[in-house]
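S.K.: Dropping in model_10.txt, which is compact mmCIF, C-alpha atoms and all ligand atoms:
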```txt
# COMPACT_ATOMS: atom_id res chain seq x y z
CA MET A 1 -13.96 -92.59 64.75
CA THR A 2 -10.98 -94.64 63.52
CA ASP A 3 -11.13 -95.63 59.86
CA LEU A 4 -9.89 -99.18 59.30
CA SER A 5 -11.20 -99.42 55.72
CA LEU A 6 -7.62 -99.26 54.40
CA PHE A 7 -7.22 -102.81 55.73
CA PRO A 8 -8.84 -105.23 53.23
CA ILE A 9 -9.36 -107.77 56.04
CA THR A 10 -12.14 -105.52 57.39
CA LYS A 11 -14.16 -106.22 54.21
CA LYS A 12 -14.53 -109.88 55.18
CA TRP A 13 -14.59 -109.26 58.95
CA PRO A 14 -16.20 -105.80 59.41
CA ALA A 15 -15.27 -103.89 62.55
CA GLN A 16 -18.28 -103.05 64.71
CA HIS A 17 -15.95 -101.20 67.10
CA PRO A 18 -13.12 -99.79 64.96
CA ASP A 19 -11.68 -97.99 68.00
CA HIS A 20 -11.06 -101.38 69.66
CA ILE A 21 -8.17 -103.75 68.90
CA GLN A 22 -9.29 -106.11 66.16
CA LEU A 23 -8.38 -109.76 66.83
CA TYR A 24 -8.51 -112.37 64.06
CA SER A 25 -8.18 -115.75 65.68
CA LEU A 26 -9.47 -119.14 66.84
CA PRO A 27 -9.12 -120.71 70.31
CA THR A 28 -6.05 -122.81 69.42
CA PRO A 29 -2.92 -122.81 71.64
CA ASN A 30 -1.45 -119.94 69.60
CA GLY A 31 -4.74 -118.08 69.25
CA VAL A 32 -5.52 -118.06 72.95
CA LYS A 33 -2.15 -116.56 73.86
CA VAL A 34 -3.45 -113.27 72.49
CA SER A 35 -7.07 -113.50 73.72
CA ILE A 36 -5.72 -114.33 77.21
CA MET A 37 -3.32 -111.38 77.06
CA LEU A 38 -6.14 -109.07 75.96
CA GLU A 39 -8.36 -110.34 78.77
CA GLU A 40 -5.53 -110.00 81.31
CA THR A 41 -4.72 -106.42 80.29
CA GLY A 42 -8.36 -105.31 80.04
CA LEU A 43 -7.74 -103.62 76.67
CA PRO A 44 -10.98 -103.29 74.69
CA TYR A 45 -10.97 -105.62 71.70
CA GLU A 46 -13.23 -107.14 69.10
CA PRO A 47 -12.67 -110.83 68.24
CA HIS A 48 -13.28 -112.23 64.75
CA LYS A 49 -13.39 -115.95 64.06
CA VAL A 50 -11.08 -117.23 61.31
CA ASP A 51 -12.68 -120.52 60.37
CA PHE A 52 -10.13 -123.17 59.31
CA GLY A 53 -13.08 -125.35 58.19
CA SER A 54 -13.67 -122.81 55.37
CA ASN A 55 -9.93 -122.15 54.91
CA ASP A 56 -10.48 -118.52 55.97
CA GLN A 57 -6.76 -118.20 56.71
CA MET A 58 -6.02 -118.63 52.97
CA THR A 59 -8.40 -115.93 51.74
CA PRO A 60 -6.96 -112.80 50.10
CA GLU A 61 -8.51 -110.70 52.89
CA PHE A 62 -6.71 -112.64 55.63
CA LEU A 63 -3.46 -112.84 53.66
CA SER A 64 -3.54 -109.06 53.22
CA LEU A 65 -2.95 -108.82 56.99
CA ASN A 66 -0.82 -111.93 57.53
CA PRO A 67 0.95 -113.29 54.42
CA ASN A 68 2.00 -116.27 56.58
CA ASN A 69 -1.64 -117.53 56.69
CA LYS A 70 -1.61 -118.23 60.42
CA ILE A 71 -3.77 -116.99 63.26
CA PRO A 72 -3.73 -114.93 65.39
CA ALA A 73 -3.27 -111.44 63.96
CA ILE A 74 -4.37 -108.05 65.24
CA ILE A 75 -4.93 -104.46 64.16
CA ASP A 76 -4.46 -101.89 66.89
CA PRO A 77 -6.34 -98.73 65.78
CA ASP A 78 -4.23 -96.76 68.25
CA GLY A 79 -0.75 -98.03 67.38
CA PRO A 80 2.63 -96.27 67.40
CA ASP A 81 2.23 -92.52 66.68
CA GLY A 82 -1.52 -93.00 67.14
CA LYS A 83 -1.81 -94.75 63.76
CA PRO A 84 -3.57 -98.07 63.05
CA PHE A 85 -1.00 -100.85 63.39
CA PRO A 86 -1.25 -104.45 62.10
CA LEU A 87 0.76 -107.25 63.73
CA TRP A 88 1.08 -111.05 63.56
CA GLU A 89 3.30 -113.69 65.24
CA THR A 90 2.27 -114.21 68.85
CA GLY A 91 5.71 -113.45 70.30
CA ALA A 92 5.69 -110.01 68.67
CA ILE A 93 2.05 -109.38 69.64
CA LEU A 94 2.65 -110.29 73.29
CA ILE A 95 5.69 -108.01 73.54
CA TYR A 96 3.77 -105.23 71.81
CA LEU A 97 0.77 -105.49 74.15
CA ALA A 98 3.06 -105.71 77.21
CA ASP A 99 4.83 -102.53 76.10
CA LYS A 100 1.55 -100.79 75.28
CA THR A 101 0.04 -101.48 78.70
CA GLY A 102 3.15 -101.71 80.89
CA LYS A 103 1.83 -105.07 82.11
CA PHE A 104 3.23 -108.63 82.30
CA MET A 105 6.83 -107.73 81.44
CA SER A 106 9.27 -106.05 83.82
CA LYS A 107 10.59 -102.61 82.89
CA ASP A 108 13.91 -103.58 84.44
CA LEU A 109 16.09 -104.18 81.35
CA ALA A 110 17.73 -107.40 82.54
CA LYS A 111 14.39 -108.91 83.57
CA ARG A 112 12.79 -107.70 80.36
CA TYR A 113 15.31 -109.62 78.24
CA GLU A 114 15.06 -112.66 80.51
CA THR A 115 11.29 -112.64 79.91
CA ILE A 116 11.89 -112.34 76.15
CA GLN A 117 14.42 -115.19 76.36
CA TRP A 118 11.75 -117.53 77.81
CA LEU A 119 9.18 -116.22 75.36
CA MET A 120 11.54 -117.08 72.47
CA TRP A 121 12.14 -120.49 74.07
CA GLN A 122 8.42 -121.08 73.82
CA MET A 123 8.21 -119.73 70.26
CA GLY A 124 11.15 -121.72 68.91
CA GLY A 125 10.85 -124.84 71.10
CA VAL A 126 7.64 -125.60 72.96
CA GLY A 127 5.20 -124.51 70.24
CA PRO A 128 6.84 -126.21 67.24
CA MET A 129 7.89 -129.39 69.11
CA PHE A 130 4.57 -129.96 70.92
CA GLY A 131 2.79 -129.15 67.66
CA GLN A 132 4.76 -131.83 65.79
CA LEU A 133 4.10 -134.30 68.58
CA GLY A 134 0.39 -133.56 68.15
CA PHE A 135 0.66 -134.30 64.43
CA PHE A 136 2.43 -137.65 64.94
CA HIS A 137 0.35 -138.71 67.95
CA LYS A 138 -3.17 -137.45 67.22
CA PHE A 139 -3.48 -136.40 63.60
CA ALA A 140 -2.44 -137.82 60.20
CA GLY A 141 1.08 -138.73 61.37
CA LYS A 142 -0.21 -141.31 63.86
CA ASP A 143 -0.82 -143.75 61.00
CA TYR A 144 2.74 -143.52 59.69
CA GLU A 145 4.49 -146.84 59.97
CA ASP A 146 7.83 -145.33 60.81
CA LYS A 147 7.54 -144.27 64.47
CA ARG A 148 10.91 -142.52 64.62
CA PRO A 149 9.52 -139.01 63.93
CA ARG A 150 7.00 -139.44 66.76
CA GLU A 151 9.73 -140.70 69.10
CA ARG A 152 11.90 -137.74 68.24
CA TYR A 153 9.16 -135.24 69.15
CA VAL A 154 8.24 -137.16 72.31
CA ALA A 155 11.89 -137.00 73.44
CA GLU A 156 12.18 -133.33 72.59
CA SER A 157 8.88 -132.49 74.35
CA LYS A 158 10.05 -134.33 77.47
CA ARG A 159 13.33 -132.47 77.39
CA LEU A 160 11.51 -129.12 77.17
CA LEU A 161 9.11 -130.06 79.99
CA ASN A 162 12.10 -130.99 82.13
CA VAL A 163 13.70 -127.59 81.47
CA LEU A 164 10.45 -125.89 82.49
CA ASN A 165 10.04 -128.14 85.53
CA LYS A 166 13.50 -127.18 86.79
CA ARG A 167 12.86 -123.50 86.15
CA LEU A 168 9.66 -123.70 88.22
CA ALA A 169 11.24 -125.64 91.10
CA ASP A 170 11.65 -122.51 93.20
CA ARG A 171 9.38 -120.11 91.32
CA ALA A 172 5.60 -119.67 91.12
CA TRP A 173 5.86 -118.53 87.49
CA ILE A 174 8.56 -118.58 84.83
CA MET A 175 9.80 -115.15 85.92
CA GLY A 176 9.38 -115.79 89.65
CA ASP A 177 6.58 -114.10 91.57
CA ASP A 178 5.58 -112.07 88.54
CA TYR A 179 3.19 -113.66 86.06
CA SER A 180 4.39 -112.62 82.59
CA ILE A 181 3.99 -112.98 78.84
CA ALA A 182 6.37 -115.98 79.07
CA ASP A 183 3.67 -117.83 81.06
CA ILE A 184 0.91 -116.61 78.74
CA ALA A 185 2.86 -118.03 75.78
CA THR A 186 3.83 -121.34 77.37
CA PHE A 187 0.94 -122.73 79.40
CA PRO A 188 -1.68 -122.85 76.63
CA TRP A 189 0.69 -125.28 74.87
CA VAL A 190 1.24 -127.42 77.97
CA ARG A 191 -2.53 -127.54 78.52
CA ASN A 192 -3.04 -128.54 74.88
CA LEU A 193 -0.38 -131.25 75.03
CA ILE A 194 -1.97 -133.14 77.90
CA GLY A 195 -5.56 -132.09 77.07
CA PHE A 196 -6.52 -131.92 73.39
CA TYR A 197 -3.51 -133.96 72.17
CA GLY A 198 -3.96 -136.54 74.95
CA ALA A 199 -0.18 -136.96 75.20
CA GLY A 200 0.21 -136.70 79.00
CA GLU A 201 1.12 -140.35 79.47
CA LEU A 202 3.30 -140.41 76.38
CA VAL A 203 5.52 -137.62 77.74
CA GLY A 204 5.40 -138.87 81.34
CA PHE A 205 3.72 -135.72 82.56
CA GLY A 206 3.71 -137.07 86.15
CA GLU A 207 7.47 -136.48 86.21
CA PHE A 208 6.95 -132.72 86.02
CA PRO A 209 5.05 -131.72 89.19
CA ASN A 210 6.20 -128.09 89.13
CA VAL A 211 4.82 -127.68 85.61
CA ALA A 212 1.54 -129.31 86.69
CA ARG A 213 1.26 -126.96 89.67
CA ALA A 214 1.87 -123.81 87.56
CA LEU A 215 -0.52 -125.05 84.86
CA GLU A 216 -3.22 -125.50 87.49
CA ALA A 217 -2.67 -121.93 88.74
CA PHE A 218 -2.71 -120.66 85.15
CA VAL A 219 -6.02 -122.23 84.13
CA ALA A 220 -7.63 -120.98 87.36
CA ARG A 221 -7.04 -117.33 86.44
CA PRO A 222 -10.37 -115.71 85.46
CA ALA A 223 -8.81 -113.99 82.40
CA VAL A 224 -7.44 -117.35 81.23
CA VAL A 225 -10.83 -119.03 81.70
CA ARG A 226 -12.38 -116.34 79.48
CA GLY A 227 -9.55 -116.11 76.95
CA LEU A 228 -9.54 -119.86 76.29
CA LEU A 229 -13.02 -119.58 74.74
CA ILE A 230 -12.37 -116.61 72.43
CA PRO A 231 -13.39 -116.30 69.65
CA SER A 232 -16.42 -118.38 70.53
CA ALA A 233 -17.51 -121.31 68.35
CA ASN A 234 -20.32 -119.40 66.57
N1 LIG B 301 4.48 -118.81 65.02
C1 LIG B 301 3.08 -118.50 64.83
C2 LIG B 301 2.31 -119.79 64.77
C3 LIG B 301 0.84 -119.56 64.49
C4 LIG B 301 0.15 -120.86 64.12
O1 LIG B 301 0.80 -121.89 63.88
N2 LIG B 301 -1.18 -120.82 64.02
C5 LIG B 301 -1.93 -122.00 63.62
C6 LIG B 301 -3.03 -122.29 64.64
S1 LIG B 301 -2.38 -122.72 66.22
C7 LIG B 301 -2.60 -121.72 62.28
O2 LIG B 301 -3.01 -120.61 62.01
N3 LIG B 301 -2.73 -122.72 61.39
C8 LIG B 301 -3.43 -122.56 60.15
C9 LIG B 301 -2.70 -123.11 58.97
O3 LIG B 301 -1.59 -123.60 59.14
O4 LIG B 301 -3.25 -123.05 57.87
C10 LIG B 301 2.60 -117.61 65.97
O5 LIG B 301 3.07 -117.82 67.09
O6 LIG B 301 1.79 -116.70 65.74
```
Show the structure stored in the file as structure tokens.
M.R.:
Amino acid sequence: MTDLSLFPITKKWPAQHPDHIQLYSLPTPNGVKVSIMLEETGLPYEPHKVDFGSNDQMTPEFLSLNPNNKIPAIIDPDGPDGKPFPLWETGAILIYLADKTGKFMSKDLAKRYETIQWLMWQMGGVGPMFGQLGFFHKFAGKDYEDKRPRERYVAESKRLLNVLNKRLADRAWIMGDDYSIADIATFPWVRNLIGFYGAGELVGFGEFPNVARALEAFVARPAVVRGLLIPSAN
């Protein structure tokens, strides 16, 4: 049996199945990227809830795995060279799991980098911009008198949605017929923007019918339905 005791995080979140991928997460738009990917690939994994209510992400045990105090993070007991392998940052985790399974990223080199290009577009654009819009529209920032920051993130979110809408004009998914890690990274954030953040009207979501159509197909996938609820609330 794999020994994960060298990872201090397992003291706070013990592994019942140390031979399975250990996932430390919450069902936020970044967290579900990885639970959806794990559900889509069928890799065995064990989810652990990192409770923001108790500031779990700031505990020494969590920081020992991810010094950046953000979920999600994983340990793969069967990593490169068969050794346990810790990883954080969803872009890196998605590429790693795609390479490990040979799924959701083309092996063709040009298509592989095109997939990574869109994944990075999500990581550097969609996630941070939609996240800031959420802060200024739904959370503490909504009470700020100066509305210019909110307007800036609304404009930037609309611009990004327009880029995605054009990309999807003649494609089912970001990479065409093939559903990929670029979709798994992007659509949880689009769903969150118009769902949890309630910003659909603010960004004029009706102007982006191709995005709406792909989002609908995304949330109908059985692995997505499951992944969106992991780790569960209790
Ligand atoms: N770039 C990171 C972002 C991760 C991230 O922002 N996670 C949020 C939840 S969606 C978090 O852990 N927030 C906790 C905190 O900031 O203390 C990734 O993609 O993994």
S.K.: Would you mind telling me which residue in A:Gly127, A:Gly176, A:Gly227, A:Gly31 lies nearest to Phe104 (chain A) when using all atoms listed in the file?
M.R.: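 When distances to Phe104 (chain A) are compared using all atoms listed in the file, the smallest one comes from A:Gly176.
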S.K.: At a cut-off of 7 Å and counting all atoms listed in the file, what residues surround ligand LIG 301 (chain B)? Please answer as a VMD selection string.
M.R.: chain A and resid 28 to 31 52 57 69 to 72 88 to 91 123
S.K.: Leaving out Lys158 (chain A) and any residue of its chain fewer than 4 positions from it, which residues lie within 9 Å of it when counting only C-alpha atoms, given as a VMD selection string?
M.R.: chain A and resid 153 to 154 162 to 163 203 to 205
S.K.: At what distance in Å, to one decimal, does CA of Leu119 (chain A) lie from CA of Ile95 (chain A)?
M.R.: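 If I compute the distance from CA of Ile95 (chain A) to CA of Leu119 (chain A), I get 9.1 Å.
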S.K.: Using only C-alpha atoms, can you tell me which of A:Lys100, A:Lys12, A:His17, A:Lys49 comes closest to Gly79 (chain A)?
M.R.: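 The closest residue to Gly79 (chain A) is A:Lys100.
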